[in-house]
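Okay, coords_21.txt is below, compact mmCIF, C-alpha atoms:
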# COMPACT_ATOMS: atom_id res chain seq x y z
CA MET A 20 -38.79 5.28 -72.60
CA THR A 21 -40.32 5.85 -76.05
CA GLN A 22 -37.36 4.28 -77.93
CA ASN A 23 -38.35 0.82 -76.67
CA ARG A 24 -42.08 1.14 -77.30
CA ILE A 25 -44.14 -1.85 -78.31
CA THR A 26 -46.52 -1.23 -81.20
CA VAL A 27 -49.64 -3.21 -82.10
CA GLU A 28 -52.07 -2.28 -84.83
CA VAL A 29 -55.18 -3.50 -86.60
CA THR A 30 -57.58 -2.35 -89.25
CA ALA A 31 -61.00 -2.51 -87.65
CA PRO A 32 -64.03 -3.36 -89.82
CA ALA A 33 -65.92 -0.21 -88.82
CA PRO A 34 -65.96 3.47 -89.74
CA LEU A 35 -64.08 5.94 -87.54
CA ASP A 36 -67.06 7.14 -85.49
CA VAL A 37 -68.04 3.55 -84.58
CA ALA A 38 -64.45 2.57 -83.72
CA TRP A 39 -63.88 5.69 -81.60
CA LYS A 40 -67.10 5.19 -79.65
CA ALA A 41 -66.34 1.51 -79.04
CA TYR A 42 -62.86 2.40 -77.76
CA THR A 43 -64.04 5.18 -75.45
CA SER A 44 -67.44 4.04 -74.10
CA PRO A 45 -67.37 2.03 -70.85
CA ASP A 46 -70.33 -0.18 -71.82
CA GLN A 47 -68.57 -1.16 -75.04
CA ILE A 48 -65.09 -1.49 -73.46
CA MET A 49 -66.52 -4.16 -71.16
CA GLN A 50 -67.49 -6.20 -74.24
CA TRP A 51 -64.00 -6.43 -75.78
CA ASN A 52 -61.24 -5.46 -73.30
CA PHE A 53 -59.71 -8.86 -72.42
CA ALA A 54 -57.10 -11.05 -74.07
CA SER A 55 -58.76 -14.49 -74.03
CA ASP A 56 -62.19 -16.08 -73.81
CA ASP A 57 -61.63 -17.24 -70.23
CA TRP A 58 -61.28 -13.59 -69.11
CA HIS A 59 -63.75 -10.72 -69.11
CA CYS A 60 -64.00 -7.02 -68.28
CA PRO A 61 -66.80 -6.66 -65.71
CA ALA A 62 -66.30 -2.92 -65.11
CA ALA A 63 -64.92 0.12 -66.91
CA SER A 64 -65.03 3.87 -66.44
CA VAL A 65 -63.93 6.70 -68.73
CA ASP A 66 -63.56 10.44 -68.12
CA LEU A 67 -62.47 11.27 -71.68
CA LYS A 68 -60.66 14.58 -71.21
CA GLU A 69 -57.10 15.64 -70.59
CA GLY A 70 -56.45 14.93 -66.91
CA GLY A 71 -59.43 12.56 -66.81
CA LYS A 72 -59.08 9.07 -65.37
CA PHE A 73 -59.99 5.69 -66.80
CA THR A 74 -60.12 2.20 -65.38
CA SER A 75 -60.93 -1.28 -66.65
CA ARG A 76 -61.29 -4.32 -64.45
CA MET A 77 -59.97 -7.48 -66.07
CA GLU A 78 -60.74 -10.81 -64.39
CA ALA A 79 -60.52 -14.51 -65.08
CA LYS A 80 -64.08 -15.78 -65.45
CA ASP A 81 -63.41 -18.45 -62.82
CA GLY A 82 -62.51 -15.74 -60.30
CA SER A 83 -58.94 -17.03 -59.82
CA MET A 84 -57.28 -13.69 -60.60
CA GLY A 85 -57.87 -10.18 -61.81
CA PHE A 86 -56.45 -6.68 -61.95
CA ASP A 87 -57.37 -3.07 -62.63
CA PHE A 88 -55.86 -1.32 -65.64
CA GLU A 89 -56.03 2.38 -64.92
CA GLY A 90 -54.47 5.64 -65.93
CA THR A 91 -54.85 9.30 -66.77
CA TYR A 92 -55.50 10.80 -70.18
CA THR A 93 -52.74 13.26 -71.09
CA LYS A 94 -53.95 14.29 -74.57
CA ILE A 95 -57.21 13.79 -76.44
CA ILE A 96 -57.75 14.70 -80.08
CA PRO A 97 -61.30 13.49 -80.78
CA ASN A 98 -61.57 10.75 -83.42
CA THR A 99 -57.79 10.92 -83.96
CA ARG A 100 -55.53 10.33 -80.94
CA ILE A 101 -55.57 9.35 -77.27
CA GLU A 102 -52.47 9.63 -75.10
CA TYR A 103 -52.40 8.37 -71.54
CA ALA A 104 -50.14 7.58 -68.61
CA PHE A 105 -50.52 4.35 -66.64
CA GLY A 106 -48.17 3.99 -63.71
CA ASP A 107 -44.78 5.22 -64.87
CA ARG A 108 -45.51 4.25 -68.48
CA ASN A 109 -47.24 5.97 -71.40
CA ALA A 110 -49.27 4.92 -74.41
CA VAL A 111 -50.53 6.53 -77.62
CA VAL A 112 -53.58 5.27 -79.54
CA GLU A 113 -54.05 6.59 -83.08
CA PHE A 114 -57.19 6.25 -85.20
CA THR A 115 -56.89 6.64 -88.99
CA PRO A 116 -60.02 6.37 -91.14
CA SER A 117 -59.90 4.30 -94.31
CA GLY A 118 -63.33 4.39 -95.89
CA GLU A 119 -65.61 2.09 -93.89
CA ARG A 120 -62.64 0.79 -91.90
CA THR A 121 -60.40 2.32 -89.23
CA HIS A 122 -56.71 1.68 -88.63
CA VAL A 123 -55.98 1.59 -84.88
CA LYS A 124 -52.36 1.75 -83.74
CA ILE A 125 -51.23 1.53 -80.11
CA ALA A 126 -47.66 2.26 -79.04
CA PHE A 127 -46.85 1.77 -75.36
CA ASP A 128 -43.91 1.67 -73.00
CA PRO A 129 -43.17 -1.92 -71.97
CA ASP A 130 -43.28 -3.35 -68.49
CA GLU A 131 -39.66 -4.26 -67.83
CA GLN A 132 -40.75 -7.27 -65.72
CA VAL A 133 -42.77 -9.00 -68.48
CA PRO A 134 -41.36 -10.49 -71.70
CA ILE A 135 -41.92 -8.16 -74.68
CA ASP A 136 -43.60 -10.86 -76.79
CA HIS A 137 -46.10 -11.62 -73.99
CA GLN A 138 -47.02 -7.95 -73.79
CA ARG A 139 -47.31 -7.56 -77.57
CA ASP A 140 -49.40 -10.76 -77.86
CA GLY A 141 -51.73 -9.74 -75.03
CA TRP A 142 -52.38 -6.27 -76.38
CA ALA A 143 -52.80 -7.67 -79.92
CA ALA A 144 -55.37 -10.19 -78.64
CA ILE A 145 -57.31 -7.36 -76.98
CA LEU A 146 -57.26 -5.40 -80.25
CA GLY A 147 -58.47 -8.55 -82.02
CA ASN A 148 -61.46 -8.65 -79.66
CA PHE A 149 -62.02 -4.95 -80.38
CA CYS A 150 -62.17 -5.73 -84.12
CA GLN A 151 -64.64 -8.55 -83.56
CA HIS A 152 -66.79 -6.27 -81.40
CA VAL A 153 -66.97 -3.38 -83.89
CA GLY A 154 -67.52 -5.85 -86.73
CA ARG A 155 -70.77 -6.96 -85.08
CA ARG A 156 -72.20 -3.44 -85.00
Please render this file's structure as structure tokens.
Amino acid sequence: MTQNRITVEVTAPAPLDVAWKAYTSPDQIMQWNFASDDWHCPAASVDLKEGGKFTSRMEAKDGSMGFDFEGTYTKIIPNTRIEYAFGDRNAVVEFTPSGERTHVKIAFDPDEQVPIDHQRDGWAAILGNFCQHVGRR
């Protein structure tokens, strides 16, 4: 499905080691992995190795809804690239250092049931929270 991939990218205001750790550490993931201020990520787990599993719980703060985002890592190149499968879809996250900043690019297979712009906007909002988080380091 790679021909229809959605891509979102940011330049995070943090060096590569800080950005990588924030993206792969459960305690930090819980601080940024949600798309809007009325949601949060109360739980996350990471087994950062090929074949390892990850999960993030995303919930509305008012308790009205929530879901688990989970998958399996298929390729890990430390400080460079993470590939994973989630359901029948795949994603690639690339980290490129640029001095004291880090370019983060995510390309993922879309959910055919959700409008493309909603998916792109949601993932971009999460990456925006990631940038705010690493900028406070």
Can you find the residues with an atom no farther than 12 Å from (-58.7, 8.3, -81.9), counting only C-alpha atoms, and report them as a PDB file with C-alpha atoms, in the frame of the given file?
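Result file follows (selection.pdb):
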ATOM      1  CA  PRO A  34     -65.960   3.470 -89.740  1.00  0.00           C
ATOM      2  CA  LEU A  35     -64.080   5.940 -87.540  1.00  0.00           C
ATOM      3  CA  ASP A  36     -67.060   7.140 -85.490  1.00  0.00           C
ATOM      4  CA  VAL A  37     -68.040   3.550 -84.580  1.00  0.00           C
ATOM      5  CA  ALA A  38     -64.450   2.570 -83.720  1.00  0.00           C
ATOM      6  CA  TRP A  39     -63.880   5.690 -81.600  1.00  0.00           C
ATOM      7  CA  LYS A  40     -67.100   5.190 -79.650  1.00  0.00           C
ATOM      8  CA  ALA A  41     -66.340   1.510 -79.040  1.00  0.00           C
ATOM      9  CA  TYR A  42     -62.860   2.400 -77.760  1.00  0.00           C
ATOM     10  CA  THR A  43     -64.040   5.180 -75.450  1.00  0.00           C
ATOM     11  CA  LEU A  67     -62.470  11.270 -71.680  1.00  0.00           C
ATOM     12  CA  LYS A  94     -53.950  14.290 -74.570  1.00  0.00           C
ATOM     13  CA  ILE A  95     -57.210  13.790 -76.440  1.00  0.00           C
ATOM     14  CA  ILE A  96     -57.750  14.700 -80.080  1.00  0.00           C
ATOM     15  CA  PRO A  97     -61.300  13.490 -80.780  1.00  0.00           C
ATOM     16  CA  ASN A  98     -61.570  10.750 -83.420  1.00  0.00           C
ATOM     17  CA  THR A  99     -57.790  10.920 -83.960  1.00  0.00           C
ATOM     18  CA  ARG A 100     -55.530  10.330 -80.940  1.00  0.00           C
ATOM     19  CA  ILE A 101     -55.570   9.350 -77.270  1.00  0.00           C
ATOM     20  CA  GLU A 102     -52.470   9.630 -75.100  1.00  0.00           C
ATOM     21  CA  VAL A 111     -50.530   6.530 -77.620  1.00  0.00           C
ATOM     22  CA  VAL A 112     -53.580   5.270 -79.540  1.00  0.00           C
ATOM     23  CA  GLU A 113     -54.050   6.590 -83.080  1.00  0.00           C
ATOM     24  CA  PHE A 114     -57.190   6.250 -85.200  1.00  0.00           C
ATOM     25  CA  THR A 115     -56.890   6.640 -88.990  1.00  0.00           C
ATOM     26  CA  PRO A 116     -60.020   6.370 -91.140  1.00  0.00           C
ATOM     27  CA  THR A 121     -60.400   2.320 -89.230  1.00  0.00           C
ATOM     28  CA  HIS A 122     -56.710   1.680 -88.630  1.00  0.00           C
ATOM     29  CA  VAL A 123     -55.980   1.590 -84.880  1.00  0.00           C
ATOM     30  CA  LYS A 124     -52.360   1.750 -83.740  1.00  0.00           C
ATOM     31  CA  ILE A 125     -51.230   1.530 -80.110  1.00  0.00           C
TER      32      ILE A 125
END
Pick from A:Gln50, A:Ser55, A:Ser64, A:Thr91, whichever lies nearest to Ala104 (chain A) using only C-alpha atoms: A:Thr91
List as a list of chain:residue names the protein and nucleic acid residues near region 129-134 of chain A, meaning an atom at most 8 Å away when only C-alpha atoms are counted, but skip any in the same chain fewer than 3 places from it.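 Everything that qualifies: A:Asn23, A:Arg24, A:Ile25, A:Arg108, A:His137, A:Gln138.
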If we count only C-alpha atoms and set the cut-off at 9 Å, which residues sit around Thr74 (chain A), ignoring sequence neighbours fewer than 6 positions away in its own chain? Please answer as a PyMOL selection string. chain A and resi 62-65+87-91
How about saving the chosen residues, C-alpha atoms kept, as a short mmCIF file (atom, residue, chain, number, x, y, z; two decimals), in the coordinates of the input?
data_model
loop_
_atom_site.label_atom_id
_atom_site.label_comp_id
_atom_site.auth_asym_id
_atom_site.auth_seq_id
_atom_site.Cartn_x
_atom_site.Cartn_y
_atom_site.Cartn_z
CA ALA A 62 -66.30 -2.92 -65.11
CA ALA A 63 -64.92 0.12 -66.91
CA SER A 64 -65.03 3.87 -66.44
CA VAL A 65 -63.93 6.70 -68.73
CA ASP A 87 -57.37 -3.07 -62.63
CA PHE A 88 -55.86 -1.32 -65.64
CA GLU A 89 -56.03 2.38 -64.92
CA GLY A 90 -54.47 5.64 -65.93
CA THR A 91 -54.85 9.30 -66.77
#
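We find CA of Ser83 (chain A) and CA of Arg139 (chain A) to be spaced 23.2 Å apart.
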Between A:Phe105, A:Arg155, A:Ile145, A:Val27, smallest distance to Cys60 (chain A) by all atoms listed in the file belongs to A:Ile145
Separation of CA of Pro61 (chain A) from CA of Met49 (chain A), in Å and rounded to one decimal: 6.0 Å
Given only C-alpha atoms as the basis, pick out the residue of A:Gly106, A:Gly70, A:Gly141, A:Pro32 nearest to Tyr92 (chain A).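 Comparing A:Gly106, A:Gly70, A:Gly141, A:Pro32 against Tyr92 (chain A), the winner is A:Gly70.
Our summary of the geometry notes that CA of Ala143 (chain A) is positioned 7.3 Å from CA of Glu28 (chain A).
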Which residues, written as a list in words, have at least one atom at most 12 Å from Asp57 (chain A), with all atoms listed in the file counted and residues fewer than 3 positions away on the same chain left out? Phe53, Ala54, Cys60, Met77, Glu78, Ala79, Lys80, Asp81, Gly82, Ser83, Met84 and Gly85 of chain A
Which residue of A:Thr26, A:Asp66, A:Ala31, A:Ala110 approaches Asp136 (chain A) most closely, using all atoms listed in the file: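 Nearest candidate to Asp136 (chain A) out of A:Thr26, A:Asp66, A:Ala31, A:Ala110: A:Thr26.
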Once 8 Å is added on each side, what are the centre and the three edge lengths, in Å to one decimal, of the axis-aligned box enclosing the listed atoms of region 126-144 of chain A? Present them as lines of an AutoDock Vina configuration file.
center_x = -47.5
center_y = -4.7
center_z = -72.8
size_x = 31.7
size_y = 29.9
size_z = 30.2
